[in-house]
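Asks: Hey, dropping data_28.pdb in here, PDB, C-alpha atoms and all ligand atoms:
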ATOM      1  CA  MET C   1     -15.543  -2.033  11.165
ATOM      2  CA  LEU C   2     -14.624   1.293   9.558
ATOM      3  CA  LYS C   3     -13.021   0.783   6.130
ATOM      4  CA  ILE C   4     -10.041   3.030   5.438
ATOM      5  CA  GLY C   5      -8.352   4.109   2.221
ATOM      6  CA  VAL C   6      -4.863   5.599   2.447
ATOM      7  CA  PHE C   7      -3.827   7.982  -0.353
ATOM      8  CA  GLY C   8      -0.040   8.443  -0.298
ATOM      9  CA  CYS C   9       2.341   5.619   0.640
ATOM     10  CA  GLY C  10       5.307   7.643   1.896
ATOM     11  CA  ALA C  11       6.592   8.222   5.425
ATOM     12  CA  ILE C  12       3.214   8.972   7.052
ATOM     13  CA  GLY C  13       1.091   6.602   4.939
ATOM     14  CA  THR C  14       3.431   3.719   5.684
ATOM     15  CA  GLU C  15       3.439   4.290   9.466
ATOM     16  CA  LEU C  16      -0.344   4.637   9.437
ATOM     17  CA  CYS C  17      -0.856   1.431   7.432
ATOM     18  CA  LYS C  18       1.552  -0.471   9.695
ATOM     19  CA  ALA C  19      -0.401   0.702  12.738
ATOM     20  CA  ILE C  20      -3.716  -0.428  11.205
ATOM     21  CA  ASP C  21      -2.116  -3.713  10.139
ATOM     22  CA  SER C  22      -1.025  -4.350  13.736
ATOM     23  CA  GLY C  23      -4.714  -4.590  14.675
ATOM     24  CA  HIS C  24      -4.519  -2.010  17.484
ATOM     25  CA  ILE C  25      -6.707   0.660  15.894
ATOM     26  CA  GLY C  26      -9.811  -1.367  15.173
ATOM     27  CA  VAL C  27     -10.306  -0.247  11.562
ATOM     28  CA  GLU C  28      -9.843  -2.119   8.288
ATOM     29  CA  LEU C  29      -7.173  -1.087   5.794
ATOM     30  CA  TYR C  30      -9.187  -1.611   2.606
ATOM     31  CA  ALA C  31      -7.180   0.225  -0.067
ATOM     32  CA  VAL C  32      -4.043   2.250  -0.700
ATOM     33  CA  TYR C  33      -2.813   4.402  -3.572
ATOM     34  CA  ASP C  34       0.340   6.223  -4.643
ATOM     35  CA  ARG C  35       1.393   7.631  -8.000
ATOM     36  CA  HIS C  36       4.706   5.800  -7.555
ATOM     37  CA  GLU C  37       4.198   2.068  -7.819
ATOM     38  CA  GLN C  38       7.427   1.376  -5.936
ATOM     39  CA  SER C  39       6.089   3.261  -2.865
ATOM     40  CA  ILE C  40       3.055   0.947  -2.849
ATOM     41  CA  ILE C  41       5.295  -2.121  -3.162
ATOM     42  CA  ASN C  42       7.552  -0.894  -0.323
ATOM     43  CA  LEU C  43       4.538  -0.249   1.906
ATOM     44  CA  LYS C  44       2.878  -3.591   1.194
ATOM     45  CA  GLU C  45       6.117  -5.413   2.014
ATOM     46  CA  GLN C  46       5.886  -4.037   5.549
ATOM     47  CA  LEU C  47       2.362  -5.308   6.213
ATOM     48  CA  LYS C  48       2.067  -8.640   7.984
ATOM     49  CA  ASN C  49      -1.670  -9.249   8.278
ATOM     50  CA  THR C  50      -3.427  -7.297   5.534
ATOM     51  CA  ASP C  51      -3.227  -7.050   1.774
ATOM     52  CA  PRO C  52      -5.048  -3.827   0.815
ATOM     53  CA  LYS C  53      -6.311  -3.332  -2.712
ATOM     54  CA  VAL C  54      -4.615  -0.703  -4.878
ATOM     55  CA  LEU C  55      -7.343   1.661  -6.033
ATOM     56  CA  GLU C  56      -7.275   5.107  -7.602
ATOM     57  CA  ILE C  57      -9.278   7.675  -5.664
ATOM     58  CA  VAL C  58     -12.417   7.419  -7.825
ATOM     59  CA  GLU C  59     -12.602   3.665  -7.149
ATOM     60  CA  MET C  60     -11.366   3.897  -3.555
ATOM     61  CA  VAL C  61     -14.248   6.129  -2.435
ATOM     62  CA  LYS C  62     -16.810   3.597  -3.682
ATOM     63  CA  HIS C  63     -15.617   1.096  -1.061
ATOM     64  CA  VAL C  64     -14.311   2.943   2.010
ATOM     65  CA  ASP C  65     -15.817   5.033   4.842
ATOM     66  CA  LEU C  66     -12.841   7.325   5.300
ATOM     67  CA  VAL C  67      -9.916   8.371   3.120
ATOM     68  CA  VAL C  68      -6.653   9.548   4.668
ATOM     69  CA  GLU C  69      -4.777  11.962   2.399
ATOM     70  CA  CYS C  70      -1.063  11.812   3.210
ATOM     71  CA  ALA C  71       0.431  12.673  -0.185
ATOM     72  CA  SER C  72       0.911  16.371  -1.045
ATOM     73  CA  GLN C  73      -0.912  19.692  -1.127
ATOM     74  CA  GLN C  74      -1.529  19.145  -4.841
ATOM     75  CA  ALA C  75      -3.203  15.797  -4.088
ATOM     76  CA  VAL C  76      -5.666  17.503  -1.735
ATOM     77  CA  TYR C  77      -7.370  19.174  -4.724
ATOM     78  CA  GLU C  78      -8.152  15.764  -6.208
ATOM     79  CA  VAL C  79      -8.716  13.682  -3.098
ATOM     80  CA  VAL C  80     -10.872  15.893  -0.890
ATOM     81  CA  PRO C  81     -13.718  16.896  -3.276
ATOM     82  CA  THR C  82     -13.893  13.375  -4.770
ATOM     83  CA  THR C  83     -14.115  11.821  -1.310
ATOM     84  CA  LEU C  84     -16.737  14.201   0.029
ATOM     85  CA  HIS C  85     -18.909  13.968  -3.112
ATOM     86  CA  ALA C  86     -18.930  10.194  -2.518
ATOM     87  CA  LYS C  87     -20.233  10.888   1.034
ATOM     88  CA  CYS C  88     -17.030   9.598   2.653
ATOM     89  CA  ASP C  89     -15.171  11.294   5.488
ATOM     90  CA  VAL C  90     -11.627  12.517   4.885
ATOM     91  CA  MET C  91      -8.545  13.114   7.009
ATOM     92  CA  VAL C  92      -6.143  15.654   5.522
ATOM     93  CA  ILE C  93      -2.442  15.742   6.408
ATOM     94  CA  SER C  94      -1.259  18.175   3.695
ATOM     95  CA  VAL C  95      -3.328  20.885   5.365
ATOM     96  CA  GLY C  96      -1.370  23.708   3.723
ATOM     97  CA  ALA C  97      -3.531  23.319   0.608
ATOM     98  CA  PHE C  98      -6.308  25.058   2.542
ATOM     99  CA  ALA C  99      -4.495  28.388   2.376
ATOM    100  CA  ASP C 100      -6.538  28.438  -0.831
ATOM    101  CA  LYS C 101      -9.684  30.025   0.562
ATOM    102  CA  LYS C 102     -11.808  28.796  -2.328
ATOM    103  CA  LEU C 103     -10.769  25.192  -1.606
ATOM    104  CA  LEU C 104     -11.466  25.623   2.106
ATOM    105  CA  ASP C 105     -14.906  27.162   1.498
ATOM    106  CA  THR C 106     -15.863  24.538  -1.104
ATOM    107  CA  THR C 107     -14.703  21.743   1.192
ATOM    108  CA  PHE C 108     -16.801  23.112   4.045
ATOM    109  CA  ASP C 109     -19.857  23.426   1.792
ATOM    110  CA  ILE C 110     -19.619  19.918   0.278
ATOM    111  CA  ALA C 111     -18.942  18.319   3.679
ATOM    112  CA  LYS C 112     -21.947  20.092   5.177
ATOM    113  CA  GLU C 113     -24.197  19.188   2.265
ATOM    114  CA  HIS C 114     -23.288  15.484   2.511
ATOM    115  CA  GLY C 115     -22.991  15.290   6.325
ATOM    116  CA  CYS C 116     -19.301  14.342   6.126
ATOM    117  CA  LYS C 117     -16.395  15.081   8.469
ATOM    118  CA  VAL C 118     -13.039  16.585   7.490
ATOM    119  CA  TYR C 119     -10.322  15.821  10.055
ATOM    120  CA  PHE C 120      -7.137  17.881  10.445
ATOM    121  CA  PRO C 121      -4.802  16.069  12.850
ATOM    122  CA  SER C 122      -2.435  18.100  15.052
ATOM    123  CA  GLY C 123       0.427  16.723  12.956
ATOM    124  CA  ALA C 124       3.881  17.729  14.075
ATOM    125  CA  ILE C 125       2.840  20.384  16.614
ATOM    126  CA  VAL C 126       1.574  20.456  20.170
ATOM    127  CA  GLY C 127      -0.967  22.980  21.422
ATOM    128  CA  LEU C 128      -3.890  22.761  18.969
ATOM    129  CA  ASP C 129      -6.109  21.592  21.843
ATOM    130  CA  GLY C 130      -5.337  24.772  23.812
ATOM    131  CA  LEU C 131      -5.733  26.981  20.757
ATOM    132  CA  THR C 132      -9.074  25.367  19.956
ATOM    133  CA  SER C 133     -10.275  25.992  23.515
ATOM    134  CA  ALA C 134      -8.921  29.540  23.509
ATOM    135  CA  SER C 135     -10.654  30.338  20.216
ATOM    136  CA  ALA C 136     -14.038  30.176  21.948
ATOM    137  CA  ALA C 137     -13.040  33.717  23.084
ATOM    138  CA  SER C 138     -10.833  36.378  21.422
ATOM    139  CA  ILE C 139      -7.342  35.444  20.236
ATOM    140  CA  TYR C 140      -4.910  38.358  19.839
ATOM    141  CA  SER C 141      -1.947  36.652  18.188
ATOM    142  CA  VAL C 142      -0.595  33.273  17.058
ATOM    143  CA  THR C 143       3.072  32.798  16.175
ATOM    144  CA  LEU C 144       4.881  29.703  14.885
ATOM    145  CA  THR C 145       8.664  29.478  14.846
ATOM    146  CA  THR C 146       9.989  26.429  13.021
ATOM    147  CA  GLN C 147      13.619  25.301  13.024
ATOM    148  CA  LYS C 148      14.822  22.569  10.713
ATOM    149  CA  HIS C 149      18.176  21.331   9.485
ATOM    150  CA  PRO C 150      18.920  22.963   6.085
ATOM    151  CA  ARG C 151      18.749  19.502   4.470
ATOM    152  CA  SER C 152      15.065  19.275   5.457
ATOM    153  CA  LEU C 153      14.294  22.454   3.518
ATOM    154  CA  GLU C 154      15.751  21.233   0.208
ATOM    155  CA  GLY C 155      13.518  21.682  -2.820
ATOM    156  CA  ALA C 156      11.106  24.146  -1.187
ATOM    157  CA  PRO C 157       9.857  26.684  -3.764
ATOM    158  CA  TYR C 158      11.143  29.569  -1.588
ATOM    159  CA  ILE C 159      14.656  28.078  -1.523
ATOM    160  CA  VAL C 160      14.682  27.408  -5.266
ATOM    161  CA  GLN C 161      13.179  30.758  -6.316
ATOM    162  CA  ASN C 162      15.576  32.750  -4.110
ATOM    163  CA  ASN C 163      18.637  30.676  -5.121
ATOM    164  CA  ILE C 164      19.439  29.964  -1.473
ATOM    165  CA  ASP C 165      22.509  27.768  -1.128
ATOM    166  CA  LEU C 166      21.587  25.591   1.849
ATOM    167  CA  ASP C 167      25.097  24.077   1.986
ATOM    168  CA  SER C 168      26.565  27.502   2.718
ATOM    169  CA  ILE C 169      24.471  27.948   5.886
ATOM    170  CA  LYS C 170      26.856  27.447   8.794
ATOM    171  CA  GLY C 171      24.827  28.883  11.685
ATOM    172  CA  LYS C 172      21.242  29.484  12.781
ATOM    173  CA  THR C 173      19.708  31.572   9.951
ATOM    174  CA  VAL C 174      16.237  33.078   9.647
ATOM    175  CA  LEU C 175      15.093  32.271   6.091
ATOM    176  CA  PHE C 176      11.490  33.413   6.158
ATOM    177  CA  GLU C 177       9.244  35.685   8.183
ATOM    178  CA  GLY C 178       5.695  36.272   7.083
ATOM    179  CA  MET C 179       2.113  35.124   7.306
ATOM    180  CA  ALA C 180       0.957  31.507   7.194
ATOM    181  CA  SER C 181      -0.765  32.133   3.851
ATOM    182  CA  GLU C 182       2.662  32.713   2.210
ATOM    183  CA  ALA C 183       4.610  30.235   4.364
ATOM    184  CA  VAL C 184       2.618  27.149   3.371
ATOM    185  CA  LYS C 185       3.136  27.930  -0.319
ATOM    186  CA  ALA C 186       6.810  28.829   0.103
ATOM    187  CA  PHE C 187       7.530  25.646   2.130
ATOM    188  CA  PRO C 188       4.709  23.215   1.213
ATOM    189  CA  ALA C 189       6.460  20.154   2.675
ATOM    190  CA  ASN C 190       7.673  21.867   5.848
ATOM    191  CA  VAL C 191       5.002  23.990   7.494
ATOM    192  CA  ASN C 192       1.611  22.391   6.915
ATOM    193  CA  VAL C 193       1.445  22.846  10.676
ATOM    194  CA  ALA C 194       1.034  26.593  10.063
ATOM    195  CA  ALA C 195      -2.178  25.771   8.203
ATOM    196  CA  SER C 196      -3.650  23.711  11.055
ATOM    197  CA  LEU C 197      -2.779  26.553  13.423
ATOM    198  CA  SER C 198      -4.459  29.064  11.112
ATOM    199  CA  ILE C 199      -7.649  27.046  10.784
ATOM    200  CA  ALA C 200      -7.851  26.447  14.545
ATOM    201  CA  GLY C 201      -7.011  30.041  15.399
ATOM    202  CA  ILE C 202      -7.145  33.395  13.630
ATOM    203  CA  GLY C 203      -6.705  32.458   9.982
ATOM    204  CA  PHE C 204      -3.955  32.321   7.378
ATOM    205  CA  ASP C 205      -3.550  36.104   7.049
ATOM    206  CA  LYS C 206      -3.008  36.751  10.754
ATOM    207  CA  THR C 207      -0.956  33.729  11.858
ATOM    208  CA  LYS C 208       2.745  34.689  11.901
ATOM    209  CA  VAL C 209       5.437  32.223  10.808
ATOM    210  CA  LYS C 210       9.222  32.306  11.144
ATOM    211  CA  ILE C 211      11.348  29.594   9.491
ATOM    212  CA  ILE C 212      14.919  29.074  10.632
ATOM    213  CA  ALA C 213      17.568  26.840   9.073
ATOM    214  CA  ASN C 214      19.819  25.469  11.781
ATOM    215  CA  PRO C 215      22.654  23.088  10.817
ATOM    216  CA  ALA C 216      23.336  22.365  14.499
ATOM    217  CA  ILE C 217      20.064  20.508  15.100
ATOM    218  CA  THR C 218      18.978  16.994  14.244
ATOM    219  CA  ARG C 219      15.337  17.464  15.250
ATOM    220  CA  ASN C 220      12.464  19.484  13.762
ATOM    221  CA  ILE C 221      11.581  22.150  16.336
ATOM    222  CA  HIS C 222       8.217  23.932  16.379
ATOM    223  CA  GLU C 223       7.495  26.672  18.939
ATOM    224  CA  ILE C 224       4.052  28.215  19.222
ATOM    225  CA  THR C 225       2.967  31.278  21.156
ATOM    226  CA  VAL C 226      -0.690  32.167  21.512
ATOM    227  CA  GLU C 227      -2.048  35.264  23.237
ATOM    228  CA  GLY C 228      -5.723  35.906  23.813
ATOM    229  CA  GLU C 229      -8.511  36.705  26.198
ATOM    230  CA  PHE C 230      -7.699  33.444  28.045
ATOM    231  CA  GLY C 231      -4.106  34.561  28.785
ATOM    232  CA  MET C 232      -1.021  33.228  26.997
ATOM    233  CA  PHE C 233       0.659  29.913  26.282
ATOM    234  CA  THR C 234       3.780  28.705  24.570
ATOM    235  CA  THR C 235       4.596  25.203  23.385
ATOM    236  CA  ARG C 236       7.819  23.735  22.029
ATOM    237  CA  VAL C 237       8.295  20.342  20.478
ATOM    238  CA  GLU C 238      11.598  18.804  19.351
ATOM    239  CA  ASN C 239      10.599  16.169  16.822
ATOM    240  CA  VAL C 240      12.601  13.193  15.687
ATOM    241  CA  PRO C 241      12.429  13.201  11.857
ATOM    242  CA  ALA C 242      10.695  10.278  10.126
ATOM    243  CA  PRO C 243      13.419   7.822   9.046
ATOM    244  CA  SER C 244      12.397   7.838   5.367
ATOM    245  CA  ASN C 245      11.676  11.570   5.078
ATOM    246  CA  PRO C 246      13.697  14.106   7.139
ATOM    247  CA  LYS C 247      11.260  16.900   6.208
ATOM    248  CA  THR C 248       8.542  15.100   8.153
ATOM    249  CA  SER C 249       8.475  14.592  11.916
ATOM    250  CA  TYR C 250       7.668  11.147  13.308
ATOM    251  CA  LEU C 251       5.079  12.825  15.564
ATOM    252  CA  ALA C 252       3.040  13.752  12.457
ATOM    253  CA  ALA C 253       2.612  10.056  11.635
ATOM    254  CA  LEU C 254       1.717   9.292  15.239
ATOM    255  CA  SER C 255      -0.825  12.108  15.140
ATOM    256  CA  ALA C 256      -2.549  10.560  12.099
ATOM    257  CA  ILE C 257      -2.606   7.191  13.886
ATOM    258  CA  SER C 258      -4.066   8.726  17.049
ATOM    259  CA  THR C 259      -6.679  10.696  15.119
ATOM    260  CA  LEU C 260      -7.818   7.469  13.477
ATOM    261  CA  LYS C 261      -7.981   5.785  16.890
ATOM    262  CA  LYS C 262     -10.062   8.711  18.180
ATOM    263  CA  ILE C 263     -12.481   8.406  15.245
ATOM    264  CA  ALA C 264     -12.884   4.671  15.888
ATOM    265  CA  ASN C 265     -13.234   5.084  19.673
ATOM    266  CA  PRO C 266     -16.512   5.985  21.408
ATOM    267  CA  LEU C 267     -14.564   7.825  24.162
ATOM    268  CA  GLN C 268     -13.270  11.258  23.169
ATOM    269  CA  VAL C 269     -10.489  12.844  25.248
ATOM    270  CA  GLY C 270      -9.231  16.408  24.849
ATOM    271  CA  THR C 271     -10.755  19.511  23.306
TER     272      THR C 271
HETATM  273  N1  LIG F 301       0.185  18.361   9.004
HETATM  274  C1  LIG F 301       1.417  18.107   9.406
HETATM  275  O1  LIG F 301       1.787  18.343  10.559
HETATM  276  C2  LIG F 301       2.393  17.500   8.480
HETATM  277  C3  LIG F 301       2.106  17.347   7.145
HETATM  278  N2  LIG F 301       2.993  16.750   6.306
HETATM  279  C4  LIG F 301       2.592  16.583   4.916
HETATM  280  O2  LIG F 301       1.972  15.301   4.798
HETATM  281  C5  LIG F 301       2.167  14.789   3.483
HETATM  282  C6  LIG F 301       2.774  13.394   3.555
HETATM  283  O3  LIG F 301       4.020  13.459   4.204
HETATM  284  P1  LIG F 301       5.095  12.293   4.037
HETATM  285  O4  LIG F 301       4.438  10.974   4.169
HETATM  286  O5  LIG F 301       6.234  12.623   4.895
HETATM  287  O6  LIG F 301       5.524  12.516   2.520
HETATM  288  P2  LIG F 301       6.334  11.509   1.574
HETATM  289  O7  LIG F 301       6.977  12.372   0.543
HETATM  290  O8  LIG F 301       7.186  10.609   2.372
HETATM  291  O9  LIG F 301       5.175  10.647   0.915
HETATM  292  C7  LIG F 301       4.182  11.190   0.093
HETATM  293  C8  LIG F 301       3.762  10.110  -0.899
HETATM  294  O10 LIG F 301       2.620  10.596  -1.592
HETATM  295  C9  LIG F 301       2.797  10.374  -2.980
HETATM  296  N3  LIG F 301       2.090  11.445  -3.694
HETATM  297  C10 LIG F 301       2.332  12.766  -3.620
HETATM  298  N4  LIG F 301       1.467  13.445  -4.389
HETATM  299  C11 LIG F 301       0.657  12.518  -4.959
HETATM  300  C12 LIG F 301      -0.423  12.595  -5.872
HETATM  301  N5  LIG F 301      -0.850  13.763  -6.345
HETATM  302  N6  LIG F 301      -1.010  11.442  -6.257
HETATM  303  C13 LIG F 301      -0.586  10.250  -5.788
HETATM  304  N7  LIG F 301       0.449  10.117  -4.929
HETATM  305  C14 LIG F 301       1.060  11.237  -4.518
HETATM  306  C15 LIG F 301       4.285  10.372  -3.231
HETATM  307  O11 LIG F 301       4.619   9.590  -4.356
HETATM  308  C16 LIG F 301       4.832   9.795  -1.933
HETATM  309  O12 LIG F 301       5.016   8.399  -2.010
HETATM  310  C17 LIG F 301       3.078  15.802   2.767
HETATM  311  O13 LIG F 301       2.271  16.719   2.038
HETATM  312  C18 LIG F 301       3.746  16.545   3.927
HETATM  313  O14 LIG F 301       4.198  17.827   3.574
HETATM  314  C19 LIG F 301       4.175  16.254   6.768
HETATM  315  C20 LIG F 301       4.500  16.395   8.096
HETATM  316  C21 LIG F 301       3.669  17.075   9.040
HETATM  317  O1  LIG F 302       6.792  17.342  10.231
HETATM  318  C1  LIG F 302       7.039  18.508  10.520
HETATM  319  O2  LIG F 302       7.898  18.846  11.356
HETATM  320  C2  LIG F 302       6.233  19.609   9.926
HETATM  321  C3  LIG F 302       6.014  19.483   8.492
HETATM  322  O3  LIG F 302       6.796  18.891   7.761
HETATM  323  C4  LIG F 302       4.832  20.143   7.942
HETATM  324  O4  LIG F 302       4.068  20.731   8.726
HETATM  325  O5  LIG F 302       4.636  20.085   6.739
END
As structure tokens, please, write out the structure in this file.
Replies:
Amino acid sequence: MLKIGVFGCGAIGTELCKAIDSGHIGVELYAVYDRHEQSIINLKEQLKNTDPKVLEIVEMVKHVDLVVECASQQAVYEVVPTTLHAKCDVMVISVGAFADKKLLDTTFDIAKEHGCKVYFPSGAIVGLDGLTSASAASIYSVTLTTQKHPRSLEGAPYIVQNNIDLDSIKGKTVLFEGMASEAVKAFPANVNVAASLSIAGIGFDKTKVKIIANPAITRNIHEITVEGEFGMFTTRVENVPAPSNPKTSYLAALSAISTLKKIANPLQVGT
């Protein structure tokens, strides 16, 4: 059975570990890690059947087949190279880190050299299957429009640096319009989805992103429009936020769970 290490015991890591613990995925939860001990304790309290070891990444990769990074863009710099050098596969949730072209290129090179896989789940968006299919021919444009409640944007570097008072936003307000390369740095905990779109499609410097604060909504809304040689499609998802982290959509946790199921399953459905 595939041995899994989960790096990051927050909203996504906890849902993923609970799903593995339920026995429905068919993989073994071998180890977990978080820089906050309390997050590990909280996660472990929710497991009924397994008691994973707590191992830092350097130790974790000696024992597992696949590491799931669900921590932060900063963690990707530590977790991904260490995992691949140990000849383990890695699933990355904080995909925005790969706006750093050097990191993306290095990751590709190490993975290729060691015959490892790097998985980027669809996360909180729908439509990556269509974009992946469409990218076998020319893609003309990819646009992401994200709407979140102002509370979900708290602490983002863009908000802090521009002294934006989120409490004063009373109606639907466009806060950011630009390319994915800037968006994932400006809102690192809000639009990692822009990074997955960029990697699947036409890259970080051509994928357009609009971020809207909307105090009237309770869900995280992501709309995607893709135009290309294949024609055109639009998708829209209204995501229920994860209970313990309103920045994150519950669908992102489900996407990590489903990607793990896909890895463990001999049948592969979808693009
Ligand atoms: N690809 C996608 O569609 C989505 C990606 N995300 C990203 O996934 C990641 C996880 O999301 P959540 O579980 O909601 O976050 P969270 O904030 O609930 O949990 C993250 C956990 O990782 C730990 N952590 C962060 N950096 C660390 C480091 N360098 N070393 C050790 N532990 C570290 C934190 O202490 C925290 O317990 C975040 O980067 C988030 O922005 C979130 C939603 C959708
Ligand atoms: O969960 C979401 O709605 C999207 C998100 O936070 C991200 O992509 O970082």
Asks: Could I get the residue neighbourhood of ligand LIG 302 (chain F) at 6 Å, counting only C-alpha atoms and all ligand atoms, as a ChimeraX atom specification?
Replies: /C:124,189-193,220,247-249,252
Asks: Which protein, DNA or RNA residues have an atom within 7 Å of ligand LIG 301 (chain F), counting all atoms listed in the file, as a ChimeraX atom specification?
Replies: /C:7-13,33-36,39,70-75,93-95,121-125,188-190,192-193,196,244-245,247-249,252
Asks: Keeping only C-alpha atoms, take the residues you just selected and write them out as an mmCIF file, keeping the file's coordinate frame.
Replies:
data_model
loop_
_atom_site.group_PDB
_atom_site.id
_atom_site.type_symbol
_atom_site.label_atom_id
_atom_site.label_comp_id
_atom_site.auth_asym_id
_atom_site.auth_seq_id
_atom_site.Cartn_x
_atom_site.Cartn_y
_atom_site.Cartn_z
ATOM 1 C CA PHE C 7 -3.827 7.982 -0.353
ATOM 2 C CA GLY C 8 -0.040 8.443 -0.298
ATOM 3 C CA CYS C 9 2.341 5.619 0.640
ATOM 4 C CA GLY C 10 5.307 7.643 1.896
ATOM 5 C CA ALA C 11 6.592 8.222 5.425
ATOM 6 C CA ILE C 12 3.214 8.972 7.052
ATOM 7 C CA GLY C 13 1.091 6.602 4.939
ATOM 8 C CA TYR C 33 -2.813 4.402 -3.572
ATOM 9 C CA ASP C 34 0.340 6.223 -4.643
ATOM 10 C CA ARG C 35 1.393 7.631 -8.000
ATOM 11 C CA HIS C 36 4.706 5.800 -7.555
ATOM 12 C CA SER C 39 6.089 3.261 -2.865
ATOM 13 C CA CYS C 70 -1.063 11.812 3.210
ATOM 14 C CA ALA C 71 0.431 12.673 -0.185
ATOM 15 C CA SER C 72 0.911 16.371 -1.045
ATOM 16 C CA GLN C 73 -0.912 19.692 -1.127
ATOM 17 C CA GLN C 74 -1.529 19.145 -4.841
ATOM 18 C CA ALA C 75 -3.203 15.797 -4.088
ATOM 19 C CA ILE C 93 -2.442 15.742 6.408
ATOM 20 C CA SER C 94 -1.259 18.175 3.695
ATOM 21 C CA VAL C 95 -3.328 20.885 5.365
ATOM 22 C CA PRO C 121 -4.802 16.069 12.850
ATOM 23 C CA SER C 122 -2.435 18.100 15.052
ATOM 24 C CA GLY C 123 0.427 16.723 12.956
ATOM 25 C CA ALA C 124 3.881 17.729 14.075
ATOM 26 C CA ILE C 125 2.840 20.384 16.614
ATOM 27 C CA PRO C 188 4.709 23.215 1.213
ATOM 28 C CA ALA C 189 6.460 20.154 2.675
ATOM 29 C CA ASN C 190 7.673 21.867 5.848
ATOM 30 C CA ASN C 192 1.611 22.391 6.915
ATOM 31 C CA VAL C 193 1.445 22.846 10.676
ATOM 32 C CA SER C 196 -3.650 23.711 11.055
ATOM 33 C CA SER C 244 12.397 7.838 5.367
ATOM 34 C CA ASN C 245 11.676 11.570 5.078
ATOM 35 C CA LYS C 247 11.260 16.900 6.208
ATOM 36 C CA THR C 248 8.542 15.100 8.153
ATOM 37 C CA SER C 249 8.475 14.592 11.916
ATOM 38 C CA ALA C 252 3.040 13.752 12.457
#
Asks: In terms of the shortest atom-to-atom distance over all atoms listed in the file, which of C:Met179, C:Ala31, C:Leu47, C:Val90 is closest to C:Ile110?
Replies: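 Once distances to C:Ile110 are computed over all atoms listed in the file, the minimum belongs to C:Val90.
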Asks: To test your reading of the syntax: which residues would the PyMOL selection byres (((chain C and resi 15) around 10) and not hetatm) return for the file shown? Reply as a list in words.
Replies: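 Output of the PyMOL selection byres (((chain C and resi 15) around 10) and not hetatm): Cys9, Gly10, Ala11, Ile12, Gly13, Thr14, Leu16, Cys17, Lys18, Ala19, Ile20, Asp21, Leu43, Gln46, Ala242, Tyr250, Ala252, Ala253, Leu254, Ala256 and Ile257 of chain C.
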Asks: Spell out the residues picked by the PyMOL selection byres (((chain C and resi 60-69) around 7) and not hetatm) here, as a list in words.
Replies: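 This file gives the following for the PyMOL selection byres (((chain C and resi 60-69) around 7) and not hetatm): Leu2, Lys3, Ile4, Gly5, Val6, Phe7, Gly8, Tyr30, Ala31, Leu55, Glu56, Ile57, Val58, Glu59, Cys70, Ala71, Val76, Val79, Thr83, Ala86, Cys88, Asp89, Val90, Met91, Val92 and Ile93 of chain C.
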